[in-house]
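Listing of run-v1.cif, mmCIF, C-alpha atoms
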```cif
data_input
loop_
_atom_site.label_atom_id
_atom_site.label_comp_id
_atom_site.auth_asym_id
_atom_site.auth_seq_id
_atom_site.Cartn_x
_atom_site.Cartn_y
_atom_site.Cartn_z
CA MET A 212 3.30 -15.06 -51.13
CA THR A 213 1.36 -13.42 -53.89
CA GLN A 214 -0.21 -10.02 -53.53
CA GLY A 215 -3.92 -9.46 -52.93
CA ARG A 216 -6.39 -11.61 -51.09
CA GLN A 217 -3.87 -14.39 -50.55
CA ASP A 218 -1.91 -12.01 -48.32
CA ARG A 219 -4.76 -11.86 -45.81
CA PHE A 220 -4.87 -14.24 -42.87
CA ASP A 221 -7.44 -14.59 -40.17
CA VAL A 222 -4.72 -14.66 -37.52
CA ALA A 223 -1.07 -13.61 -37.50
CA VAL A 224 0.87 -15.05 -34.55
CA LEU A 225 4.11 -13.26 -33.72
CA GLY A 226 6.68 -15.54 -32.10
CA ALA A 227 7.16 -19.24 -32.79
CA GLY A 228 8.00 -20.35 -29.28
CA ALA A 229 5.92 -22.51 -26.97
CA ALA A 230 2.94 -20.15 -26.72
CA GLY A 231 3.07 -19.02 -30.34
CA MET A 232 3.16 -22.48 -31.90
CA MET A 233 0.46 -23.76 -29.57
CA CYS A 234 -1.81 -20.81 -30.36
CA ALA A 235 -1.25 -21.09 -34.12
CA ALA A 236 -2.05 -24.82 -34.03
CA VAL A 237 -5.25 -24.32 -32.02
CA ALA A 238 -6.52 -21.51 -34.24
CA GLY A 239 -5.58 -23.32 -37.44
CA GLN A 240 -7.25 -26.57 -36.41
CA ARG A 241 -10.43 -24.63 -35.69
CA GLY A 242 -10.60 -23.37 -39.24
CA ALA A 243 -8.71 -20.07 -39.10
CA ARG A 244 -6.16 -19.21 -41.76
CA VAL A 245 -3.01 -18.62 -39.70
CA VAL A 246 0.47 -17.28 -40.35
CA LEU A 247 3.20 -17.80 -37.76
CA ILE A 248 6.00 -15.23 -37.94
CA ASP A 249 9.36 -15.33 -36.15
CA HIS A 250 12.58 -13.39 -36.65
CA ALA A 251 14.66 -16.50 -35.90
CA THR A 252 15.36 -19.34 -38.30
CA ARG A 253 16.01 -21.87 -35.52
CA LEU A 254 12.75 -22.07 -33.62
CA ALA A 255 11.78 -22.73 -30.02
CA GLU A 256 15.25 -22.42 -28.50
CA LYS A 257 13.75 -21.94 -25.03
CA ILE A 258 12.01 -25.29 -25.32
CA ARG A 259 15.19 -26.87 -26.64
CA ILE A 260 17.35 -25.80 -23.68
CA SER A 261 14.73 -26.29 -20.99
CA GLY A 262 15.27 -28.95 -18.36
CA GLY A 263 18.79 -29.76 -19.48
CA GLY A 264 17.52 -30.61 -22.96
CA ARG A 265 14.55 -32.69 -21.78
CA CYS A 266 12.06 -29.83 -21.37
CA ASN A 267 10.25 -29.45 -18.05
CA PHE A 268 7.03 -28.97 -20.01
CA THR A 269 4.51 -28.63 -17.16
CA ASN A 270 3.88 -29.24 -13.48
CA LEU A 271 1.08 -31.44 -12.13
CA GLN A 272 0.48 -28.95 -9.32
CA ALA A 273 0.07 -25.88 -11.56
CA GLY A 274 -2.54 -23.49 -10.25
CA PRO A 275 -3.01 -19.74 -9.71
CA ALA A 276 -1.02 -19.84 -6.43
CA ASN A 277 2.12 -20.74 -8.41
CA TYR A 278 2.17 -17.49 -10.39
CA LEU A 279 3.22 -13.91 -9.71
CA SER A 280 1.31 -11.00 -11.22
CA ASN A 281 0.03 -7.58 -10.26
CA ASN A 282 -3.37 -9.20 -10.84
CA PRO A 283 -2.94 -12.66 -9.27
CA HIS A 284 -6.41 -13.86 -10.28
CA PHE A 285 -5.92 -13.15 -14.00
CA CYS A 286 -4.40 -16.54 -14.83
CA ARG A 287 -7.15 -18.53 -13.09
CA SER A 288 -9.53 -18.85 -16.05
CA ALA A 289 -7.02 -20.03 -18.66
CA LEU A 290 -5.29 -22.45 -16.27
CA ALA A 291 -8.62 -24.01 -15.31
CA ARG A 292 -9.66 -24.52 -18.93
CA TYR A 293 -6.39 -26.07 -20.11
CA THR A 294 -4.67 -28.14 -17.45
CA PRO A 295 -1.50 -30.23 -17.24
CA ARG A 296 -3.67 -33.30 -17.87
CA ASP A 297 -4.81 -31.77 -21.15
CA PHE A 298 -1.21 -31.35 -22.28
CA LEU A 299 -0.43 -34.91 -21.24
CA ASP A 300 -3.30 -36.08 -23.45
CA LEU A 301 -1.60 -34.28 -26.33
CA LEU A 302 1.72 -36.01 -25.57
CA ARG A 303 0.01 -39.41 -25.53
CA ARG A 304 -1.39 -38.78 -29.01
CA TYR A 305 2.19 -38.39 -30.23
CA ASN A 306 3.62 -41.19 -28.09
CA VAL A 307 5.95 -38.81 -26.27
CA GLY A 308 7.22 -40.47 -23.10
CA TRP A 309 7.52 -38.46 -19.91
CA HIS A 310 8.37 -38.82 -16.23
CA GLU A 311 7.92 -36.93 -12.99
CA LYS A 312 11.24 -35.82 -11.60
CA HIS A 313 10.57 -33.67 -8.55
CA ARG A 314 7.49 -32.14 -6.92
CA GLY A 315 5.20 -32.47 -9.90
CA GLN A 316 7.80 -31.44 -12.49
CA LEU A 317 7.31 -33.38 -15.74
CA PHE A 318 10.08 -33.97 -18.28
CA CYS A 319 10.40 -35.74 -21.61
CA ASN A 320 11.97 -39.18 -21.38
CA GLU A 321 14.05 -38.55 -24.48
CA SER A 322 14.47 -34.98 -25.67
CA ALA A 323 12.94 -31.52 -25.77
CA GLU A 324 12.97 -31.99 -29.54
CA ASP A 325 9.93 -34.24 -29.03
CA ILE A 326 7.91 -31.24 -27.83
CA ILE A 327 9.08 -29.09 -30.73
CA ALA A 328 8.23 -31.82 -33.24
CA LEU A 329 4.80 -32.24 -31.65
CA LEU A 330 4.05 -28.53 -31.91
CA ARG A 331 5.23 -28.43 -35.51
CA ALA A 332 2.98 -31.37 -36.34
CA GLU A 333 0.05 -29.67 -34.63
CA CYS A 334 0.68 -26.53 -36.69
CA ASP A 335 0.85 -28.60 -39.86
CA ALA A 336 -2.48 -30.21 -38.91
CA GLY A 337 -3.91 -26.71 -38.81
CA SER A 338 -2.32 -25.74 -42.18
CA VAL A 339 -0.35 -22.97 -40.49
CA HIS A 340 1.74 -20.85 -42.86
CA TRP A 341 5.32 -20.33 -41.61
CA GLN A 342 7.41 -17.19 -42.06
CA THR A 343 10.72 -17.66 -40.26
CA GLY A 344 13.74 -15.39 -40.41
CA CYS A 345 11.15 -12.66 -40.78
CA GLY A 346 11.37 -9.39 -38.86
CA ILE A 347 8.49 -7.03 -38.07
CA ASP A 348 9.15 -3.45 -39.11
CA GLU A 349 5.74 -1.95 -38.37
CA ILE A 350 2.18 -2.86 -37.42
CA ARG A 351 -0.80 -0.71 -38.41
CA LYS A 352 -4.51 -0.99 -37.74
CA GLU A 353 -6.42 -0.44 -40.98
CA GLY A 354 -10.16 -0.74 -40.52
CA ASP A 355 -10.95 -4.16 -39.11
CA ASP A 356 -7.59 -5.56 -40.18
CA TYR A 357 -3.96 -5.28 -39.16
CA LEU A 358 -1.23 -4.57 -41.68
CA LEU A 359 2.16 -6.00 -40.76
CA LEU A 360 5.11 -4.66 -42.66
CA THR A 361 7.71 -7.42 -42.47
CA THR A 362 11.14 -8.01 -43.94
CA GLN A 363 9.46 -10.54 -46.24
CA GLY A 364 6.72 -8.22 -47.40
CA PRO A 365 3.34 -7.02 -46.11
CA VAL A 366 0.95 -9.32 -44.28
CA ARG A 367 -2.69 -8.51 -43.61
CA ALA A 368 -4.58 -10.22 -40.80
CA GLY A 369 -7.87 -9.92 -39.01
CA ALA A 370 -6.19 -10.59 -35.67
CA VAL A 371 -2.68 -10.43 -34.23
CA VAL A 372 -1.49 -12.62 -31.37
CA VAL A 373 1.68 -11.36 -29.68
CA ALA A 374 3.69 -14.31 -28.36
CA THR A 375 7.13 -12.72 -28.54
CA GLY A 376 8.27 -13.68 -25.03
CA GLY A 377 10.25 -11.57 -22.59
CA LEU A 378 13.80 -10.28 -22.26
CA SER A 379 15.41 -13.36 -20.72
CA ILE A 380 18.32 -15.08 -22.46
CA PRO A 381 18.98 -12.51 -25.22
CA LYS A 382 21.57 -14.80 -26.86
CA ILE A 383 18.71 -16.95 -28.17
CA GLY A 384 16.87 -13.99 -29.64
CA ALA A 385 14.87 -12.33 -26.87
CA THR A 386 13.63 -8.80 -27.73
CA ASP A 387 11.27 -6.15 -26.35
CA LEU A 388 9.06 -6.23 -29.47
CA GLY A 389 5.96 -7.37 -27.61
CA TYR A 390 6.12 -4.56 -25.07
CA GLY A 391 6.53 -2.03 -27.86
CA ILE A 392 3.43 -3.35 -29.65
CA ALA A 393 1.45 -3.15 -26.41
CA ARG A 394 2.45 0.47 -25.81
CA GLN A 395 1.80 1.37 -29.46
CA PHE A 396 -1.83 0.33 -29.05
CA GLY A 397 -2.29 2.03 -25.70
CA LEU A 398 -1.77 -0.89 -23.31
CA LYS A 399 0.22 -0.35 -20.15
CA THR A 400 3.14 -2.52 -19.13
CA VAL A 401 4.34 -3.56 -15.70
CA GLU A 402 8.03 -2.88 -15.12
CA THR A 403 10.11 -5.87 -16.16
CA ARG A 404 13.05 -7.48 -14.39
CA PRO A 405 14.94 -10.78 -14.48
CA ALA A 406 13.28 -13.69 -12.64
CA LEU A 407 14.30 -17.26 -11.84
CA VAL A 408 17.83 -15.92 -11.82
CA PRO A 409 20.98 -16.39 -9.65
CA LEU A 410 21.68 -13.72 -7.02
CA THR A 411 25.02 -11.96 -6.69
CA PHE A 412 26.85 -10.37 -3.75
CA ASP A 413 29.53 -7.71 -3.33
CA GLY A 414 32.97 -9.15 -3.98
CA GLN A 415 34.55 -8.27 -0.64
CA ALA A 416 31.63 -9.47 1.47
CA TRP A 417 31.37 -12.67 -0.53
CA GLN A 418 35.09 -13.49 -0.40
CA PRO A 419 34.84 -16.01 2.50
CA PHE A 420 32.33 -18.06 0.49
CA VAL A 421 34.07 -18.09 -2.90
CA PRO A 422 35.85 -21.39 -2.09
CA LEU A 423 32.40 -22.98 -1.66
CA ALA A 424 31.61 -22.74 -5.39
CA GLY A 425 29.94 -25.99 -6.40
CA VAL A 426 28.68 -26.92 -2.90
CA SER A 427 24.98 -27.81 -2.86
CA MET A 428 22.47 -28.65 -0.11
CA GLU A 429 18.75 -28.46 0.63
CA ILE A 430 17.73 -25.41 2.64
CA ASP A 431 14.75 -23.24 3.54
CA ILE A 432 14.80 -19.77 2.01
CA ALA A 433 12.50 -16.77 2.40
CA THR A 434 12.20 -13.09 1.60
CA GLY A 435 9.63 -10.30 1.74
CA SER A 436 6.60 -9.93 3.94
CA GLY A 437 2.83 -10.02 3.66
CA LYS A 438 1.49 -10.44 0.14
CA THR A 439 4.97 -10.10 -1.36
CA ALA A 440 6.52 -12.84 0.79
CA GLY A 441 8.02 -15.96 -0.73
CA ALA A 442 9.36 -19.10 0.97
CA PHE A 443 10.68 -22.38 -0.46
CA LYS A 444 12.48 -25.58 0.53
CA GLU A 445 14.84 -26.35 -2.33
CA ASP A 446 18.50 -26.99 -3.14
CA LEU A 447 20.99 -24.15 -2.76
CA LEU A 448 24.14 -23.90 -4.88
CA TRP A 449 27.14 -21.72 -4.06
CA THR A 450 28.84 -19.99 -7.00
CA HIS A 451 31.92 -17.79 -7.39
CA ARG A 452 29.73 -14.68 -7.52
CA GLY A 453 26.87 -15.61 -5.21
CA LEU A 454 24.06 -18.11 -4.83
CA SER A 455 22.09 -20.17 -7.33
CA GLY A 456 20.25 -23.47 -7.50
CA PRO A 457 16.48 -24.00 -7.42
CA ALA A 458 16.07 -22.33 -4.01
CA VAL A 459 17.60 -19.06 -5.16
CA LEU A 460 15.99 -19.11 -8.59
CA GLN A 461 12.61 -19.47 -6.87
CA ILE A 462 13.20 -16.71 -4.33
CA SER A 463 14.67 -14.33 -6.92
CA SER A 464 11.18 -13.72 -8.32
CA PHE A 465 10.08 -12.43 -4.91
CA TRP A 466 13.27 -10.59 -3.98
CA ARG A 467 13.42 -6.80 -4.25
CA PRO A 468 16.69 -4.84 -4.44
CA GLY A 469 17.96 -3.70 -1.05
CA THR A 470 15.95 -6.28 0.92
CA PRO A 471 17.45 -9.30 2.68
CA ILE A 472 16.90 -12.97 2.07
CA GLU A 473 16.89 -15.39 4.99
CA ILE A 474 18.26 -18.92 4.79
CA ASP A 475 17.88 -21.78 7.27
CA LEU A 476 20.81 -24.13 6.81
CA PHE A 477 19.51 -26.56 9.44
CA ASP A 478 16.33 -27.83 7.81
CA GLY A 479 14.03 -26.30 10.42
CA GLU A 480 15.73 -27.88 13.44
CA ASP A 481 16.85 -25.60 16.30
CA ALA A 482 20.58 -25.39 15.56
CA ALA A 483 21.47 -23.94 18.98
CA ALA A 484 19.70 -26.76 20.83
CA TRP A 485 21.41 -29.30 18.59
CA LEU A 486 24.86 -27.82 19.26
CA ILE A 487 24.36 -27.53 23.02
CA GLY A 488 22.96 -31.05 23.13
CA HIS A 489 26.28 -32.34 21.76
CA LYS A 490 28.41 -30.74 24.49
CA LYS A 491 28.04 -33.57 26.97
CA GLY A 492 30.17 -36.64 26.46
CA SER A 493 31.77 -35.39 23.24
CA ARG A 494 35.24 -34.11 22.46
CA LYS A 495 34.46 -33.31 18.84
CA HIS A 496 35.82 -30.14 17.40
CA LEU A 497 33.31 -27.56 16.18
CA ASP A 498 34.07 -27.98 12.47
CA ASN A 499 33.80 -31.77 12.66
CA LEU A 500 30.49 -31.58 14.52
CA LEU A 501 29.04 -29.11 12.02
CA ALA A 502 30.18 -31.37 9.20
CA GLU A 503 27.65 -33.93 10.45
CA ARG A 504 24.89 -31.58 9.29
CA LEU A 505 26.58 -29.37 6.68
CA PRO A 506 28.92 -30.06 3.75
CA SER A 507 32.43 -30.14 5.24
CA ARG A 508 33.64 -27.20 3.16
CA LEU A 509 30.71 -25.14 4.37
CA ALA A 510 31.36 -26.16 8.00
CA ASP A 511 34.94 -24.86 7.72
CA ALA A 512 33.94 -21.66 5.94
CA TRP A 513 31.10 -20.99 8.35
CA CYS A 514 33.36 -21.12 11.39
CA ALA A 515 35.73 -18.65 9.75
CA ALA A 516 32.89 -16.37 8.63
CA VAL A 517 31.45 -16.04 12.15
CA GLY A 518 34.88 -15.63 13.77
CA LEU A 519 35.09 -18.99 15.54
CA SER A 520 37.91 -21.50 15.53
CA GLY A 521 36.72 -24.72 13.97
CA GLY A 522 39.38 -26.62 15.88
CA GLN A 523 38.05 -25.91 19.36
CA PRO A 524 36.20 -28.66 21.26
CA VAL A 525 32.47 -28.00 21.41
CA ALA A 526 32.40 -29.15 25.05
CA ASP A 527 34.61 -26.19 25.99
CA MET A 528 32.43 -23.57 24.29
CA PRO A 529 30.00 -21.41 26.31
CA ASP A 530 26.29 -21.98 25.68
CA LYS A 531 26.02 -18.30 24.72
CA SER A 532 28.48 -18.76 21.85
CA LEU A 533 26.65 -21.84 20.63
CA ARG A 534 23.30 -20.02 20.76
CA GLN A 535 24.73 -17.18 18.70
CA LEU A 536 26.18 -19.67 16.23
CA GLY A 537 22.88 -21.51 16.06
CA GLU A 538 21.06 -18.26 15.31
CA THR A 539 23.29 -17.63 12.29
CA LEU A 540 22.68 -21.15 11.01
CA ASN A 541 18.89 -20.96 11.36
CA ARG A 542 18.56 -17.36 10.21
CA TRP A 543 21.36 -16.44 7.84
CA ARG A 544 20.30 -12.98 6.66
CA LEU A 545 22.11 -11.44 3.72
CA VAL A 546 21.37 -8.73 1.20
CA PRO A 547 22.16 -9.52 -2.45
CA SER A 548 23.82 -6.78 -4.46
CA GLY A 549 21.90 -7.81 -7.57
CA THR A 550 21.22 -10.65 -9.99
CA GLU A 551 23.01 -12.24 -12.93
CA GLY A 552 20.58 -10.35 -15.16
CA TYR A 553 18.58 -11.35 -18.22
CA LYS A 554 21.49 -13.33 -19.65
CA LYS A 555 21.01 -15.95 -16.92
CA ALA A 556 17.31 -15.39 -16.10
CA GLU A 557 14.96 -18.17 -17.13
CA VAL A 558 11.99 -15.81 -17.44
CA THR A 559 11.00 -12.15 -17.28
CA LEU A 560 8.89 -10.80 -14.43
CA GLY A 561 6.35 -8.13 -15.38
CA GLY A 562 5.14 -7.40 -18.90
CA VAL A 563 1.86 -6.42 -20.52
CA ASP A 564 -0.51 -5.26 -17.78
CA THR A 565 -3.31 -7.80 -17.41
CA LYS A 566 -5.78 -5.04 -16.50
CA GLY A 567 -5.94 -4.29 -20.20
CA LEU A 568 -6.61 -7.89 -21.24
CA SER A 569 -9.54 -10.28 -21.07
CA SER A 570 -8.70 -13.24 -18.82
CA ALA A 571 -11.01 -15.43 -20.91
CA THR A 572 -9.57 -14.67 -24.36
CA MET A 573 -6.25 -12.80 -23.79
CA MET A 574 -7.52 -10.06 -26.13
CA ALA A 575 -6.90 -6.39 -25.40
CA ARG A 576 -10.07 -4.92 -23.94
CA GLU A 577 -9.86 -1.72 -25.96
CA VAL A 578 -8.24 -3.04 -29.17
CA ALA A 579 -10.30 -5.63 -31.03
CA GLY A 580 -8.30 -8.50 -32.52
CA LEU A 581 -5.08 -7.88 -30.56
CA TYR A 582 -4.04 -10.68 -28.18
CA PHE A 583 -1.09 -11.21 -25.83
CA ILE A 584 -0.02 -14.61 -24.51
CA GLY A 585 2.82 -16.36 -22.71
CA GLU A 586 5.82 -14.67 -21.14
CA VAL A 587 5.12 -11.24 -22.64
CA VAL A 588 2.17 -10.95 -20.23
CA ASP A 589 2.54 -9.99 -16.56
CA VAL A 590 2.13 -13.58 -15.38
CA THR A 591 5.27 -15.34 -14.15
CA GLY A 592 5.35 -18.90 -12.86
CA TRP A 593 7.54 -20.56 -10.30
CA LEU A 594 10.47 -22.73 -11.36
CA GLY A 595 9.43 -26.23 -12.35
CA GLY A 596 7.31 -26.25 -15.52
CA TYR A 597 4.78 -23.63 -14.45
CA ASN A 598 5.76 -21.12 -17.13
CA PHE A 599 5.28 -23.66 -19.91
CA GLN A 600 1.85 -24.48 -18.52
CA TRP A 601 0.96 -20.78 -18.69
CA ALA A 602 2.22 -20.73 -22.29
CA TRP A 603 -0.03 -23.65 -23.24
CA ALA A 604 -3.08 -22.39 -21.35
CA SER A 605 -2.93 -18.77 -22.51
CA ALA A 606 -2.23 -19.93 -26.08
CA VAL A 607 -5.28 -22.19 -26.16
CA ALA A 608 -7.49 -19.41 -24.77
CA ALA A 609 -6.33 -16.95 -27.45
CA GLY A 610 -6.29 -19.50 -30.27
CA GLU A 611 -9.85 -20.59 -29.62
CA ALA A 612 -11.07 -17.00 -29.26
CA ALA A 613 -9.30 -15.77 -32.43
CA ALA A 614 -10.66 -18.69 -34.46
CA GLU A 615 -14.17 -18.06 -33.16
CA ALA A 616 -13.90 -14.37 -34.06
CA ALA A 617 -12.73 -15.31 -37.56
CA ARG A 618 -15.73 -17.60 -38.05
CA GLY A 619 -18.02 -14.82 -36.89
CA ALA A 620 -16.44 -12.32 -39.29
CA SER A 621 -16.88 -14.64 -42.28
CA ALA A 622 -20.44 -15.66 -41.45
#
```
Go ahead and express the file in the form of structure tokens.
Amino acid sequence: MTQGRQDRFDVAVLGAGAAGMMCAAVAGQRGARVVLIDHATRLAEKIRISGGGRCNFTNLQAGPANYLSNNPHFCRSALARYTPRDFLDLLRRYNVGWHEKHRGQLFCNESAEDIIALLRAECDAGSVHWQTGCGIDEIRKEGDDYLLLTTQGPVRAGAVVVATGGLSIPKIGATDLGYGIARQFGLKTVETRPALVPLTFDGQAWQPFVPLAGVSMEIDIATGSGKTAGAFKEDLLWTHRGLSGPAVLQISSFWRPGTPIEIDLFDGEDAAAWLIGHKKGSRKHLDNLLAERLPSRLADAWCAAVGLSGGQPVADMPDKSLRQLGETLNRWRLVPSGTEGYKKAEVTLGGVDTKGLSSATMMAREVAGLYFIGEVVDVTGWLGGYNFQWAWASAVAAGEAAAEAARGASA
């Protein structure tokens, strides 16, 4: 870029992921002069790896109830104004095929690259200026403008949109830049932690279940109480270090260290009544009977874990023993020792405190021209496309508002 007036943009968007590219495209197509800055040279890695490479780009059921935040009503406005149907309209314009896989989860028919190409094309339609492989050294407020000192030279902008994401998956470039910018300009942040992440358990306590690694089944899972409670029916996956699968990823966002999770392995049916009901007229051994409802490896491990011989005939077992066994199957309570951390977390819980932001525009209430969108904000969706929908919705809100402000400033 040349020095002088050409260095000034109406909007500088920091972070060329889902939210950043969407915001830049919206602002650019509404007449704003936009620069999109990212420290990476390979863009949108989180889109690229999402959904096994097919990108779970939204969920038809997305609504405020599917998000966690210290201010649960904050996301309502943006989600109502830009819905999953709106994003589907965008996909149709680019002839991107999609399908519903599970409970409203929508995926590309071909590849996540289709979403990235679409967003690039939308940015090009808005004449967005790209600066990739470009780090941010410092941001200053100078009068009505912002001065960004970057590794590719200074950039001046009337507004800055922070779309830098959270701390999850550092190997693809996650940083805490967005939180630092928020604190620099006086915004508070909500404590961050890994979310949508596998749970781990102490080695000794978990030893009986290590051989179950790879076993999967649908279960009911719950944790917490009152307003902090979470409950889901999803697939559970045993791992060498603990539990994973959609059920555990979902509940991990609600789990707090030191508190138990509770798992029903019997799909809501009274396990004790089922066991006792099979006493009459049956000579089946306990492990074989349990294998009718549980994966056989789990049936064997479960008998050992609760101190029962799987080889004993169920008909010979006292009702009291079967009731106790049934209780463990319906209400398996266990306390995780931790999580697999940000390296395995799909998103980051917490972030920029929404009390300091406008829910209509995503702009900081006390800092004109400074916006925060996407994962960097304290709005975290459930597993299943909800976080991408928040990225699109918050990006559109900020992009429209920043473009409108730019038109007002030039009038």
* Asked: At what distance in Å, to one decimal, does atom CA of Ala229 of chain A lie from atom CA of Pro405 of chain A?
  ->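 Computed distance, atom CA of Pro405 of chain A to atom CA of Ala229 of chain A, equals 19.4 Å.
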* To do: Translate the PyMOL selection byres ((chain A and resi 499) around 10), as applied to the file shown, into an explicit residue set as a list of chain:residue names.
  => A:Lys495, A:His496, A:Leu497, A:Asp498, A:Leu500, A:Leu501, A:Ala502, A:Glu503, A:Arg504, A:Leu505, A:Ser507, A:Ala510, A:Asp511, A:Gly521, A:Gly522, A:Gln523, A:Pro524, A:Val525
Could you save the residues just selected, with C-alpha atoms, as a CSV table (one decimal), in the coordinates of the input?
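Writing done, so here's selection27.csv:
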```
chain,number,residue,atom,x,y,z
A,495,LYS,CA,34.5,-33.3,18.8
A,496,HIS,CA,35.8,-30.1,17.4
A,497,LEU,CA,33.3,-27.6,16.2
A,498,ASP,CA,34.1,-28.0,12.5
A,500,LEU,CA,30.5,-31.6,14.5
A,501,LEU,CA,29.0,-29.1,12.0
A,502,ALA,CA,30.2,-31.4,9.2
A,503,GLU,CA,27.6,-33.9,10.4
A,504,ARG,CA,24.9,-31.6,9.3
A,505,LEU,CA,26.6,-29.4,6.7
A,507,SER,CA,32.4,-30.1,5.2
A,510,ALA,CA,31.4,-26.2,8.0
A,511,ASP,CA,34.9,-24.9,7.7
A,521,GLY,CA,36.7,-24.7,14.0
A,522,GLY,CA,39.4,-26.6,15.9
A,523,GLN,CA,38.0,-25.9,19.4
A,524,PRO,CA,36.2,-28.7,21.3
A,525,VAL,CA,32.5,-28.0,21.4
```
* To do: Select, from A:Ala613, A:Ile260, A:Leu359, A:Cys319, the residue with the minimum atom-to-atom distance to Arg241 of chain A, counting only C-alpha atoms.
  =>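 Smallest distance to Arg241 of chain A is found for A:Ala613.
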* **Residues matched by the PyMOL selection byres ((chain A and resi 362-365) around 12), written as a PyMOL selection string** => chain A and resi 212-220+223+248-250+341-351+357-361+366-368
* Structure fact -> Pairwise distance, atom CA of Ser532 of chain A with atom CA of Ala442 of chain A, equals 28.3 Å
* Where does the PyMOL selection byres ((chain A and resi 518) around 12) land in this file, that is, which residues does it pick, as a ChimeraX atom specification? -> /A:419,511-517,519-521,532,535-536,539
* Spatial neighbours of Asp221 of chain A, max dist 8 Å, all atoms listed in the file, sep filter under 2 positions, as a ChimeraX atom specification -> /A:219,223,243-245,368-370,614,617
* Please identify all polymer residues within 8 Å of Phe318 of chain A, counting only C-alpha atoms, omitting same-chain residues fewer than 4 positions from it, and present them as a VMD selection string. => chain A and resid 262 265 to 269 309 to 312
* By how many Å are atom CA of Ser493 of chain A and atom CA of Ile430 of chain A apart? ->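 Computing the Euclidean distance for atom CA of Ser493 of chain A and atom CA of Ile430 of chain A yields 26.9 Å.
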Please report, as AutoDock Vina command-line options, the centre and edge lengths in Å to one decimal of an axis-aligned box covering all listed atoms of segment 285-288 of chain A with 4 Å per side.
```
--center_x -7.0 --center_y -16.0 --center_z -14.6 --size_x 13.1 --size_y 13.7 --size_z 11.0
```
* Can you tell me, as a list of chain:residue names, what residues are no more than 10 Å from Ser280 of chain A when counting all atoms listed in the file, ignoring any on the same chain fewer than 2 positions away? ->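 Selected residues are A:Pro275, A:Tyr278, A:Asn282, A:Pro283, A:His284, A:Phe285, A:Cys286, A:Val401, A:Leu560, A:Gly561, A:Gly562, A:Asp564, A:Thr565, A:Val588, A:Asp589, A:Val590, A:Thr591, A:Gly592.
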* Of the residues A:Glu615, A:Glu321, A:Met574, A:Ile326, which is the one nearest to Leu299 of chain A, using all atoms listed in the file? ->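 Ranked by minimum distance to Leu299 of chain A, first place goes to A:Ile326.
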I'd like the neighbourhood of Gly226 of chain A as a compact mmCIF listing (two decimals) with C-alpha atoms, keeping the file's coordinate frame, where a residue qualifies if any of its atoms comes within 10 Å (using only C-alpha atoms), though same-chain residues fewer than 6 positions away should be ignored.
```
# COMPACT_ATOMS: atom_id res chain seq x y z
CA MET A 232 3.16 -22.48 -31.90
CA ALA A 235 -1.25 -21.09 -34.12
CA LEU A 247 3.20 -17.80 -37.76
CA ILE A 248 6.00 -15.23 -37.94
CA ASP A 249 9.36 -15.33 -36.15
CA HIS A 250 12.58 -13.39 -36.65
CA ALA A 251 14.66 -16.50 -35.90
CA LEU A 254 12.75 -22.07 -33.62
CA ALA A 255 11.78 -22.73 -30.02
CA THR A 343 10.72 -17.66 -40.26
CA VAL A 372 -1.49 -12.62 -31.37
CA VAL A 373 1.68 -11.36 -29.68
CA ALA A 374 3.69 -14.31 -28.36
CA THR A 375 7.13 -12.72 -28.54
CA GLY A 376 8.27 -13.68 -25.03
CA LEU A 388 9.06 -6.23 -29.47
CA GLY A 389 5.96 -7.37 -27.61
```
* Write out as a PyMOL selection string the residues lying within 6 Å of Thr572 of chain A, counting only C-alpha atoms and excluding same-chain residues fewer than 2 positions away. => chain A and resi 569-570+574+608-609+612
